[in-house]
file coords09.txt (compact mmCIF, C-alpha atoms and all ligand atoms)
# COMPACT_ATOMS: atom_id res chain seq x y z
CA MET A 1 -47.78 137.59 28.72
CA THR A 2 -48.90 137.34 25.08
CA LEU A 3 -48.98 134.53 22.54
CA PRO A 4 -46.10 134.21 20.05
CA GLY A 5 -46.95 136.01 16.78
CA PRO A 6 -46.88 132.85 14.61
CA LEU A 7 -49.28 131.09 16.99
CA GLN A 8 -51.64 134.08 16.97
CA GLY A 9 -51.50 134.06 13.18
CA ALA A 10 -52.12 130.31 12.98
CA ILE A 11 -55.13 130.58 15.29
CA ALA A 12 -56.59 133.50 13.32
CA ALA A 13 -56.12 131.57 10.05
CA TRP A 14 -57.71 128.42 11.52
CA LEU A 15 -60.71 130.39 12.79
CA GLU A 16 -61.03 132.10 9.42
CA ARG A 17 -60.88 128.80 7.52
CA ASN A 18 -63.43 127.27 9.83
CA GLY A 19 -65.66 130.33 9.74
CA GLN A 20 -65.75 130.59 13.50
CA GLY A 21 -64.31 133.98 14.45
CA GLY A 22 -65.39 135.13 17.92
CA ARG A 23 -67.75 132.66 19.51
CA ARG A 24 -69.45 134.06 22.56
CA ALA A 25 -71.87 131.19 23.15
CA GLY A 26 -69.18 128.53 22.70
CA SER A 27 -66.88 130.36 25.08
CA ASP A 28 -69.53 130.61 27.80
CA ALA A 29 -70.31 126.89 27.48
CA LEU A 30 -66.61 126.04 27.59
CA THR A 31 -66.00 128.03 30.75
CA ALA A 32 -69.04 126.41 32.38
CA THR A 33 -67.78 122.94 31.37
CA TYR A 34 -64.29 123.36 32.85
CA ARG A 35 -65.57 125.12 36.00
CA ALA A 36 -67.81 122.13 36.63
CA GLY A 37 -64.77 119.83 36.33
CA GLY A 38 -65.93 118.53 32.93
CA SER A 39 -63.69 117.04 30.25
CA SER A 40 -62.59 118.25 26.82
CA ALA A 41 -64.42 115.41 25.06
CA ALA A 42 -67.08 117.57 23.42
CA VAL A 43 -65.28 120.89 23.50
CA ASP A 44 -65.85 123.54 20.86
CA LEU A 45 -62.36 123.86 19.33
CA ALA A 46 -62.85 127.48 18.23
CA ALA A 47 -63.95 128.48 21.71
CA TYR A 48 -60.94 126.67 23.19
CA LEU A 49 -58.53 128.53 20.91
CA VAL A 50 -60.05 131.91 21.66
CA ALA A 51 -60.99 131.63 25.31
CA ARG A 52 -58.74 129.02 26.98
CA LEU A 53 -55.52 128.59 25.01
CA PRO A 54 -54.17 132.10 25.83
CA ALA A 55 -54.56 131.37 29.54
CA THR A 56 -53.12 127.84 29.49
CA TYR A 57 -50.22 129.13 27.36
CA ALA A 58 -49.52 131.94 29.85
CA ALA A 59 -49.50 129.54 32.81
CA VAL A 60 -47.21 127.02 31.08
CA ALA A 61 -44.87 129.79 29.84
CA ARG A 62 -44.59 131.13 33.39
CA VAL A 63 -43.84 127.67 34.77
CA LEU A 64 -41.23 126.92 32.10
CA ALA A 65 -39.53 130.29 32.72
CA GLU A 66 -39.27 129.38 36.40
CA THR A 67 -37.95 125.92 35.48
CA ARG A 68 -35.22 127.44 33.30
CA ALA A 69 -34.29 129.93 36.01
CA ARG A 70 -34.01 127.19 38.62
CA ARG A 71 -32.25 124.67 36.40
CA PRO A 72 -30.11 126.49 33.79
CA ASP A 73 -28.00 123.31 33.64
CA LEU A 74 -30.80 121.42 31.84
CA ALA A 75 -31.33 121.77 28.10
CA PRO A 76 -33.96 119.27 26.93
CA GLU A 77 -33.78 118.18 23.30
CA SER A 78 -37.00 116.18 23.12
CA LEU A 79 -40.51 116.93 24.39
CA LEU A 80 -43.59 114.82 25.04
CA ASP A 81 -46.64 117.10 25.23
CA ALA A 82 -49.00 114.84 27.20
CA GLY A 83 -52.68 115.74 26.80
CA SER A 84 -51.49 118.20 24.18
CA GLY A 85 -54.85 119.58 23.12
CA PRO A 86 -53.94 122.13 20.42
CA GLY A 87 -50.24 121.87 21.33
CA THR A 88 -50.25 124.84 23.68
CA ALA A 89 -47.44 123.62 25.94
CA SER A 90 -45.24 122.75 22.96
CA TRP A 91 -45.38 126.34 21.73
CA ALA A 92 -44.33 127.55 25.18
CA ALA A 93 -41.57 124.92 25.39
CA VAL A 94 -39.93 125.80 22.06
CA GLU A 95 -39.86 129.44 23.22
CA ALA A 96 -38.25 128.45 26.52
CA TRP A 97 -35.76 125.98 25.00
CA PRO A 98 -34.99 126.88 21.37
CA GLY A 99 -32.65 123.86 21.36
CA LEU A 100 -35.59 121.43 21.43
CA SER A 101 -35.42 119.33 18.31
CA ARG A 102 -38.15 116.69 18.74
CA VAL A 103 -41.77 117.22 19.78
CA THR A 104 -44.55 114.64 20.17
CA PHE A 105 -48.21 115.43 20.82
CA LEU A 106 -50.08 112.76 22.81
CA ASP A 107 -53.84 113.02 23.22
CA THR A 108 -56.86 110.75 23.30
CA ALA A 109 -58.82 113.10 21.04
CA PRO A 110 -58.03 112.89 17.30
CA VAL A 111 -59.68 116.29 16.70
CA PHE A 112 -57.23 117.94 19.09
CA LEU A 113 -54.27 116.11 17.53
CA LYS A 114 -55.35 117.31 14.10
CA LEU A 115 -55.72 120.86 15.39
CA ALA A 116 -52.29 120.74 17.08
CA ALA A 117 -50.66 119.51 13.87
CA SER A 118 -52.42 122.18 11.83
CA LEU A 119 -51.33 125.07 14.10
CA ALA A 120 -47.81 123.64 14.38
CA THR A 121 -47.17 124.05 10.66
CA ALA A 122 -46.78 127.79 11.40
CA GLY A 123 -44.21 127.14 14.13
CA PRO A 124 -40.45 126.62 14.20
CA ARG A 125 -39.01 123.34 12.87
CA PRO A 126 -39.55 121.00 15.84
CA LEU A 127 -43.21 122.02 15.90
CA ALA A 128 -43.72 121.85 12.16
CA SER A 129 -42.31 118.30 12.19
CA ALA A 130 -43.98 117.20 15.45
CA GLY A 131 -45.32 113.67 15.77
CA ALA A 132 -48.95 113.15 16.80
CA VAL A 133 -49.87 110.03 18.74
CA ALA A 134 -53.38 108.99 19.76
CA GLY A 135 -53.20 107.48 23.23
CA SER A 136 -53.79 108.02 26.91
CA ILE A 137 -51.53 109.53 29.53
CA GLU A 138 -52.72 106.67 31.72
CA ALA A 139 -50.91 104.17 29.47
CA PRO A 140 -48.63 106.09 27.11
CA PRO A 141 -47.62 103.99 24.10
CA GLY A 142 -44.03 102.71 24.35
CA GLY A 143 -41.20 104.60 22.72
CA LEU A 144 -42.50 108.06 23.65
CA GLY A 145 -39.81 108.77 26.25
CA ALA A 146 -38.49 112.35 26.15
CA ASP A 147 -36.09 114.61 28.05
CA LEU A 148 -39.00 116.87 28.95
CA VAL A 149 -42.56 115.70 29.58
CA VAL A 150 -45.22 118.38 30.04
CA ALA A 151 -48.81 117.64 31.11
CA ALA A 152 -50.77 120.89 31.05
CA TYR A 153 -54.36 120.89 32.30
CA ALA A 154 -54.51 117.17 31.48
CA LEU A 155 -54.65 115.44 34.89
CA ALA A 156 -57.74 117.61 35.47
CA GLU A 157 -59.54 115.36 33.01
CA LEU A 158 -59.00 112.28 35.18
CA PRO A 159 -60.78 111.43 38.42
CA LEU A 160 -58.51 112.30 41.37
CA PRO A 161 -57.78 108.67 42.35
CA ARG A 162 -56.29 108.03 38.86
CA ALA A 163 -54.26 111.23 38.56
CA ALA A 164 -51.22 110.14 40.60
CA ALA A 165 -50.94 106.85 38.68
CA ALA A 166 -51.03 108.78 35.39
CA ALA A 167 -48.34 111.14 36.75
CA ALA A 168 -46.21 108.08 37.55
CA MET A 169 -46.59 106.92 33.93
CA LEU A 170 -45.46 110.35 32.73
CA TRP A 171 -42.55 110.33 35.16
CA ALA A 172 -41.46 106.96 33.73
CA ALA A 173 -41.53 108.57 30.25
CA SER A 174 -39.36 111.50 31.38
CA ARG A 175 -35.58 111.29 31.10
CA SER A 176 -34.89 114.64 32.78
CA LEU A 177 -37.85 116.88 33.67
CA LEU A 178 -41.57 116.42 34.32
CA VAL A 179 -43.77 119.53 34.35
CA ILE A 180 -47.40 119.32 35.51
CA VAL A 181 -49.69 122.35 35.33
CA GLU A 182 -53.26 122.29 36.60
CA PRO A 183 -56.04 124.81 37.25
CA GLY A 184 -55.35 126.84 40.40
CA THR A 185 -58.29 125.33 42.22
CA PRO A 186 -58.49 123.03 45.26
CA GLN A 187 -59.16 120.16 42.81
CA GLY A 188 -56.14 121.10 40.66
CA PHE A 189 -53.92 121.31 43.72
CA ALA A 190 -55.23 117.96 45.00
CA ARG A 191 -53.91 116.33 41.80
CA ILE A 192 -50.57 118.11 42.16
CA ARG A 193 -50.23 117.07 45.78
CA ALA A 194 -51.11 113.44 44.98
CA ALA A 195 -48.58 113.35 42.12
CA ARG A 196 -45.91 114.96 44.34
CA GLU A 197 -46.35 112.42 47.08
CA VAL A 198 -46.07 109.43 44.75
CA LEU A 199 -43.18 110.76 42.66
CA LEU A 200 -41.03 111.99 45.56
CA GLY A 201 -41.36 108.42 46.79
CA GLN A 202 -39.79 107.36 43.50
CA GLY A 203 -36.79 109.65 43.96
CA ALA A 204 -37.96 112.70 41.98
CA VAL A 205 -36.29 116.00 42.95
CA PRO A 206 -38.59 119.05 43.31
CA VAL A 207 -37.52 121.98 41.13
CA ALA A 208 -40.54 124.29 41.65
CA PRO A 209 -42.65 125.56 43.26
CA CYS A 210 -41.50 123.33 46.12
CA THR A 211 -38.13 124.27 47.60
CA HIS A 212 -37.88 121.09 49.68
CA ALA A 213 -38.75 117.40 49.47
CA LEU A 214 -40.47 117.19 52.86
CA ALA A 215 -44.16 116.39 53.25
CA CYS A 216 -46.32 119.17 51.76
CA PRO A 217 -47.19 121.49 54.66
CA ILE A 218 -50.31 122.99 53.06
CA ALA A 219 -53.08 122.16 55.50
CA GLY A 220 -56.85 122.12 55.79
CA ASP A 221 -58.78 123.62 52.92
CA ASP A 222 -55.85 125.84 51.84
CA TRP A 223 -54.30 125.17 48.42
CA CYS A 224 -51.03 126.16 46.79
CA HIS A 225 -51.54 128.13 43.59
CA PHE A 226 -50.18 131.07 41.64
CA SER A 227 -51.36 133.65 39.12
CA VAL A 228 -50.27 134.99 35.76
CA ARG A 229 -51.69 138.03 33.95
CA LEU A 230 -52.28 137.71 30.23
CA ALA A 231 -53.31 140.20 27.60
CA ARG A 232 -56.71 139.57 25.99
CA SER A 233 -57.03 139.94 22.24
CA ARG A 234 -60.10 141.65 20.80
CA ALA A 235 -61.54 138.22 19.87
CA HIS A 236 -60.82 136.96 23.39
CA MET A 237 -62.60 139.98 24.94
CA HIS A 238 -65.53 139.56 22.58
CA ALA A 239 -65.75 135.82 23.23
CA LYS A 240 -65.87 136.39 26.98
CA GLY A 241 -67.90 139.60 26.89
CA ALA A 242 -65.00 141.11 28.86
CA ARG A 243 -64.44 144.81 29.54
CA VAL A 244 -60.76 144.77 30.57
CA PRO A 245 -57.95 143.84 28.16
CA PHE A 246 -56.35 141.32 30.50
CA GLU A 247 -57.21 138.38 32.71
CA ASP A 248 -55.55 136.58 35.58
CA GLU A 249 -55.11 132.84 35.20
CA ARG A 250 -54.75 130.93 38.46
CA PHE A 251 -52.72 127.76 38.22
CA ALA A 252 -51.09 125.08 40.37
CA TYR A 253 -47.95 123.31 39.23
CA LEU A 254 -45.13 120.93 39.94
CA VAL A 255 -41.74 120.57 38.27
CA LEU A 256 -39.63 117.52 39.05
CA ALA A 257 -36.14 116.53 37.91
CA ARG A 258 -34.24 113.26 37.89
CA GLU A 259 -31.08 114.85 39.31
CA GLY A 260 -30.00 117.72 41.53
CA ALA A 261 -31.26 119.01 44.86
CA PRO A 262 -34.12 121.25 46.01
CA SER A 263 -33.17 124.94 46.36
CA GLY A 264 -33.63 124.94 50.15
CA LEU A 265 -34.97 128.52 49.99
CA ALA A 266 -38.62 129.51 50.55
CA ARG A 267 -41.33 130.48 48.09
CA VAL A 268 -43.88 133.28 48.37
CA ILE A 269 -47.18 131.37 48.11
CA ALA A 270 -49.72 134.21 48.38
CA PRO A 271 -49.90 137.83 47.18
CA PRO A 272 -47.47 139.80 49.38
CA LEU A 273 -48.70 142.81 51.26
CA HIS A 274 -46.44 145.75 50.44
CA ALA A 275 -47.27 148.59 52.86
CA LYS A 276 -45.56 151.74 54.07
CA ALA A 277 -44.29 150.08 57.21
CA GLY A 278 -42.90 147.05 55.40
CA SER A 279 -43.68 143.97 53.34
CA SER A 280 -45.44 140.85 54.63
CA PHE A 281 -45.17 137.42 53.06
CA LYS A 282 -46.68 133.96 53.35
CA LEU A 283 -43.81 131.57 52.68
CA CYS A 284 -43.40 127.85 52.16
CA GLY A 285 -39.99 126.33 52.90
CA SER A 286 -38.36 123.51 54.79
CA GLY A 287 -39.65 125.05 58.03
CA GLY A 288 -43.23 124.69 56.79
CA ILE A 289 -45.63 127.57 56.20
CA GLU A 290 -44.38 130.79 57.72
CA ALA A 291 -45.48 134.45 57.87
CA ARG A 292 -42.53 136.82 57.44
CA HIS A 293 -42.42 140.61 57.75
CA VAL A 294 -39.59 142.77 56.39
CA ALA A 295 -39.79 146.22 57.98
CA ARG A 296 -39.03 149.43 56.13
CA ARG A 297 -36.30 150.17 58.67
CA ASP A 298 -34.49 147.00 57.50
CA GLY A 299 -33.02 149.06 54.66
CA ALA A 300 -31.41 146.85 52.01
CA ALA A 301 -33.51 143.78 52.89
CA TYR A 302 -36.68 145.86 52.56
CA LYS A 303 -35.56 147.22 49.20
CA LEU A 304 -35.16 143.67 47.93
CA ALA A 305 -38.38 142.45 49.57
CA ARG A 306 -40.40 145.16 47.78
CA LYS A 307 -39.52 143.49 44.50
CA LEU A 308 -40.83 140.07 45.46
CA ASP A 309 -44.16 138.93 44.12
CA TRP A 310 -46.52 135.98 44.50
CA GLY A 311 -44.48 132.99 43.29
CA SER A 312 -41.03 134.54 43.83
CA LEU A 313 -38.31 132.78 45.78
CA PHE A 314 -37.54 134.38 49.12
CA GLY A 315 -33.95 134.11 50.26
CA ALA A 316 -30.49 135.52 49.76
CA SER A 317 -29.84 134.30 46.22
CA ALA A 318 -33.42 134.80 45.09
CA THR A 319 -33.59 138.40 46.21
CA ALA A 320 -30.25 139.16 44.55
CA GLU A 321 -31.61 137.59 41.37
CA ASP A 322 -34.82 139.58 41.52
CA GLU A 323 -32.77 142.76 41.78
CA ALA A 324 -30.86 141.90 38.58
C1 LIG B 1 -57.98 121.16 28.98
S1 LIG B 1 -57.21 120.41 27.59
C2 LIG B 1 -55.54 120.99 27.78
C3 LIG B 1 -54.84 121.07 26.47
C4 LIG B 1 -53.44 121.69 26.48
N1 LIG B 1 -52.50 120.87 27.22
C5 LIG B 1 -53.46 123.09 27.04
O1 LIG B 1 -52.84 123.31 28.08
O2 LIG B 1 -54.06 123.98 26.42
C6 LIG B 1 -57.05 118.72 28.08
C7 LIG B 1 -56.57 117.82 26.96
O3 LIG B 1 -56.29 116.54 27.54
C8 LIG B 1 -56.81 115.54 26.66
N2 LIG B 1 -57.03 114.33 27.45
C9 LIG B 1 -58.05 114.04 28.30
N3 LIG B 1 -57.86 112.83 28.88
C10 LIG B 1 -56.72 112.34 28.36
C11 LIG B 1 -55.98 111.14 28.55
N4 LIG B 1 -56.40 110.21 29.41
N5 LIG B 1 -54.84 110.96 27.86
C12 LIG B 1 -54.40 111.90 26.99
N6 LIG B 1 -55.04 113.07 26.77
C13 LIG B 1 -56.19 113.28 27.44
C14 LIG B 1 -58.05 116.15 26.06
O4 LIG B 1 -58.44 115.51 24.86
C15 LIG B 1 -57.59 117.59 25.85
O5 LIG B 1 -56.97 117.74 24.61
call {"tool": "encode", "arguments": {"input": "coords09.txt", "output": "structure tokens"}}
result
Amino acid sequence: MTLPGPLQGAIAAWLERNGQGGRRAGSDALTATYRAGGSSAAVDLAAYLVARLPATYAAVARVLAETRARRPDLAPESLLDAGSGPGTASWAAVEAWPGLSRVTFLDTAPVFLKLAASLATAGPRPLASAGAVAGSIEAPPGGLGADLVVAAYALAELPLPRAAAAAAMLWAASRSLLVIVEPGTPQGFARIRAAREVLLGQGAVPVAPCTHALACPIAGDDWCHFSVRLARSRAHMHAKGARVPFEDERFAYLVLAREGAPSGLARVIAPPLHAKAGSSFKLCGSGGIEARHVARRDGAAYKLARKLDWGSLFGASATAEDEA
């Protein structure tokens, strides 16, 4: 997963203009802030662009690709990027749905809104003409309703008891789809689970990762999360003092729709074990959490199972799709 060329160019130009290419110290402080559950209030923008945006973009792009695959019938025309930061999710959304024609950035931080608007001038038309609104996801200003509402790494900035109420506000603003992406940590998953419980109670239909609308079966100190690998640019490697040209971003997510039905299949919710004797999976489906083994001697089923990865759907139609 890499950033779109125009976004890379816009970031490089912004860093150049602001004389802040490659900021090791800022990046270290940023990582420490988010790991400690801190907010973006005093974040170093250059460090965010270099060290965090590539990862949040990769996670959102992966989630939107899954959303499109699950719901090819939906083609949103308007987007509310809630807690937009530099507009990361909007860039991923216009890639996923080139038919999007209206984009609005919503954020409490004017510096982030200004940054989002500046980067967006290098993007396709709906980005270049995006609206920027200063306000909170906890009480979005009226008139911001959109077909697609995306909140990426935004609920993380609220205390857990307020996250589900904010998700309900965002659901009210969504005419078709609500996408929530959070860090793949127990705290990130706790926000996802709280939002899921409240919004299913309001009639929302799970699109992904959940394949059913039953109570979440994840128990104890386990948490549902996924992983996406992203390429690191030279500046990214320098900023993080990294030796390998990639990193794995762990994320938790939830996609809800106003209409339709859950897939009824099962999802692979941990890295599968592909061994000589067969493939083993941890699945979540309407039967709860289940361990499943597909033996090598199972022939065609094994051939399909070998192709499944962490996050894939497990089931007849999913395996056929993965083979395509
Ligand atoms: C970690 S950044 C994520 C930015 C972007 N969505 C991304 O994925 O890269 C969190 C953003 O949420 C914003 N934010 C924090 N609390 C907010 C609130 N109550 N309402 C709206 N935005 C908020 C911050 O200003 C910041 O821009």
call {"tool": "closest_residue", "arguments": {"input": "coords09.txt", "among": "A:Ala270, A:Ala13, A:Ala51, A:Ala152", "to": "Phe226 (chain A)", "atoms": "only C-alpha atoms"}}
result
A:Ala270
call {"tool": "closest_atom_pairs", "arguments": {"input": "coords09.txt", "of": "chain A", "to": "ligand LIG 1 (chain B)", "cutoff": "7 Å", "atoms": "all atoms listed in the file", "output": "tab-separated table"}}
result
residue	atom	partner	partner_atom	distance
A:Ser39	CA	B:LIG1	C9	6.7
A:Ser40	CA	B:LIG1	C14	5.1
A:Ala41	CA	B:LIG1	O4	6.0
A:Arg52	CA	B:LIG1	O2	6.9
A:Leu53	CA	B:LIG1	O2	5.0
A:Thr56	CA	B:LIG1	O1	4.8
A:Tyr57	CA	B:LIG1	O1	6.4
A:Ala82	CA	B:LIG1	C12	6.2
A:Gly83	CA	B:LIG1	N6	3.6
A:Ser84	CA	B:LIG1	N1	4.2
A:Gly85	CA	B:LIG1	O5	3.2
A:Pro86	CA	B:LIG1	C4	6.1
A:Gly87	CA	B:LIG1	C4	6.1
A:Thr88	CA	B:LIG1	O2	4.8
A:Ala89	CA	B:LIG1	O1	5.8
A:Leu106	CA	B:LIG1	C12	6.1
A:Asp107	CA	B:LIG1	N6	3.7
A:Thr108	CA	B:LIG1	N6	4.6
A:Ala109	CA	B:LIG1	O4	4.5
A:Phe112	CA	B:LIG1	O5	5.5
A:Gly135	CA	B:LIG1	C12	5.9
A:Ser136	CA	B:LIG1	N5	3.3
A:Ile137	CA	B:LIG1	N5	4.0
A:Glu138	CA	B:LIG1	N4	5.6
A:Ala151	CA	B:LIG1	N1	6.3
A:Ala152	CA	B:LIG1	N1	4.2
A:Tyr153	CA	B:LIG1	C2	4.7
A:Ala154	CA	B:LIG1	O3	4.4
A:Glu157	CA	B:LIG1	C9	5.1
A:Leu158	CA	B:LIG1	N3	6.4
call {"tool": "closest_atom_pairs", "arguments": {"input": "coords09.txt", "of": "region 234-324 of chain A", "to": "region 184-194 of chain A", "cutoff": "6 Å", "atoms": "only C-alpha atoms", "output": "Markdown table"}}
result
| residue | atom | partner | partner_atom | distance |
| --- | --- | --- | --- | --- |
| A:Arg250 | CA | A:Gly184 | CA | 4.6 |
| A:Phe251 | CA | A:Gly184 | CA | 3.5 |
| A:Ala252 | CA | A:Gly184 | CA | 4.6 |
call {"tool": "atom_distance", "arguments": {"input": "coords09.txt", "atom1": "CA of Leu308 (chain A)", "atom2": "CA of Ala295 (chain A)"}}
result
14.0 Å
call {"tool": "closest_residue", "arguments": {"input": "coords09.txt", "among": "A:Arg296, A:Arg232, A:Arg175, A:Arg162", "to": "Val198 (chain A)", "atoms": "all atoms listed in the file"}}
result
A:Arg162
call {"tool": "residues_around", "arguments": {"input": "coords09.txt", "residues": "region 5-9 of chain A", "least_positions_apart": "2", "cutoff": "8 Å", "atoms": "only C-alpha atoms", "output": "mmCIF file with C-alpha atoms, in the frame of the given file"}}
result
data_model
loop_
_atom_site.group_PDB
_atom_site.id
_atom_site.type_symbol
_atom_site.label_atom_id
_atom_site.label_comp_id
_atom_site.auth_asym_id
_atom_site.auth_seq_id
_atom_site.Cartn_x
_atom_site.Cartn_y
_atom_site.Cartn_z
ATOM 1 C CA LEU A 3 -48.980 134.530 22.540
ATOM 2 C CA ILE A 11 -55.130 130.580 15.290
ATOM 3 C CA ALA A 12 -56.590 133.500 13.320
ATOM 4 C CA ALA A 13 -56.120 131.570 10.050
ATOM 5 C CA TRP A 91 -45.380 126.340 21.730
ATOM 6 C CA LEU A 119 -51.330 125.070 14.100
ATOM 7 C CA ALA A 122 -46.780 127.790 11.400
ATOM 8 C CA GLY A 123 -44.210 127.140 14.130
#
call {"tool": "residues_around", "arguments": {"input": "coords09.txt", "residues": "Leu313 (chain A)", "least_positions_apart": "3", "cutoff": "7 Å", "atoms": "only C-alpha atoms", "output": "PDB file with C-alpha atoms, in the frame of the given file"}}
result
ATOM      1  CA  LEU A 265     -34.970 128.520  49.990  1.00  0.00           C
ATOM      2  CA  ALA A 266     -38.620 129.510  50.550  1.00  0.00           C
ATOM      3  CA  ARG A 267     -41.330 130.480  48.090  1.00  0.00           C
ATOM      4  CA  VAL A 268     -43.880 133.280  48.370  1.00  0.00           C
ATOM      5  CA  ALA A 318     -33.420 134.800  45.090  1.00  0.00           C
TER       6      ALA A 318
END
call {"tool": "atom_distance", "arguments": {"input": "coords09.txt", "atom1": "CA of Ile218 (chain A)", "atom2": "CA of Val181 (chain A)"}}
result
17.8 Å
call {"tool": "axis_aligned_box", "arguments": {"input": "coords09.txt", "around": "region 68-82 of chain A", "padding_each_side": "5 Å", "output": "JSON"}}
result
{"center_x": -38.5, "center_y": 122.4, "center_z": 30.9, "size_x": 31.0, "size_y": 25.1, "size_z": 25.5}
call {"tool": "closest_residue", "arguments": {"input": "coords09.txt", "among": "A:Arg17, A:His212, A:Lys276, A:Lys240", "to": "Ser263 (chain A)", "atoms": "all atoms listed in the file"}}
result
A:His212
call {"tool": "closest_residue", "arguments": {"input": "coords09.txt", "among": "A:Pro272, A:Pro183, A:Pro245, A:Gly311", "to": "Glu66 (chain A)", "atoms": "all atoms listed in the file"}}
result
A:Gly311
call {"tool": "atom_distance", "arguments": {"input": "coords09.txt", "atom1": "CA of Ala32 (chain A)", "atom2": "CA of Tyr253 (chain A)"}}
result
22.4 Å
call {"tool": "residues_around", "arguments": {"input": "coords09.txt", "residues": "Leu144 (chain A)", "least_positions_apart": "2", "cutoff": "12 Å", "atoms": "only C-alpha atoms", "output": "mmCIF file with C-alpha atoms, in the frame of the given file"}}
result
data_model
loop_
_atom_site.group_PDB
_atom_site.id
_atom_site.type_symbol
_atom_site.label_atom_id
_atom_site.label_comp_id
_atom_site.auth_asym_id
_atom_site.auth_seq_id
_atom_site.Cartn_x
_atom_site.Cartn_y
_atom_site.Cartn_z
ATOM 1 C CA SER A 78 -37.000 116.180 23.120
ATOM 2 C CA LEU A 79 -40.510 116.930 24.390
ATOM 3 C CA LEU A 80 -43.590 114.820 25.040
ATOM 4 C CA ASP A 81 -46.640 117.100 25.230
ATOM 5 C CA ALA A 82 -49.000 114.840 27.200
ATOM 6 C CA ARG A 102 -38.150 116.690 18.740
ATOM 7 C CA VAL A 103 -41.770 117.220 19.780
ATOM 8 C CA THR A 104 -44.550 114.640 20.170
ATOM 9 C CA PHE A 105 -48.210 115.430 20.820
ATOM 10 C CA LEU A 106 -50.080 112.760 22.810
ATOM 11 C CA GLY A 131 -45.320 113.670 15.770
ATOM 12 C CA ALA A 132 -48.950 113.150 16.800
ATOM 13 C CA VAL A 133 -49.870 110.030 18.740
ATOM 14 C CA ALA A 134 -53.380 108.990 19.760
ATOM 15 C CA GLY A 135 -53.200 107.480 23.230
ATOM 16 C CA SER A 136 -53.790 108.020 26.910
ATOM 17 C CA ILE A 137 -51.530 109.530 29.530
ATOM 18 C CA ALA A 139 -50.910 104.170 29.470
ATOM 19 C CA PRO A 140 -48.630 106.090 27.110
ATOM 20 C CA PRO A 141 -47.620 103.990 24.100
ATOM 21 C CA GLY A 142 -44.030 102.710 24.350
ATOM 22 C CA ALA A 146 -38.490 112.350 26.150
ATOM 23 C CA ASP A 147 -36.090 114.610 28.050
ATOM 24 C CA LEU A 148 -39.000 116.870 28.950
ATOM 25 C CA VAL A 149 -42.560 115.700 29.580
ATOM 26 C CA MET A 169 -46.590 106.920 33.930
ATOM 27 C CA LEU A 170 -45.460 110.350 32.730
ATOM 28 C CA TRP A 171 -42.550 110.330 35.160
ATOM 29 C CA ALA A 172 -41.460 106.960 33.730
ATOM 30 C CA ALA A 173 -41.530 108.570 30.250
ATOM 31 C CA SER A 174 -39.360 111.500 31.380
ATOM 32 C CA ARG A 175 -35.580 111.290 31.100
#
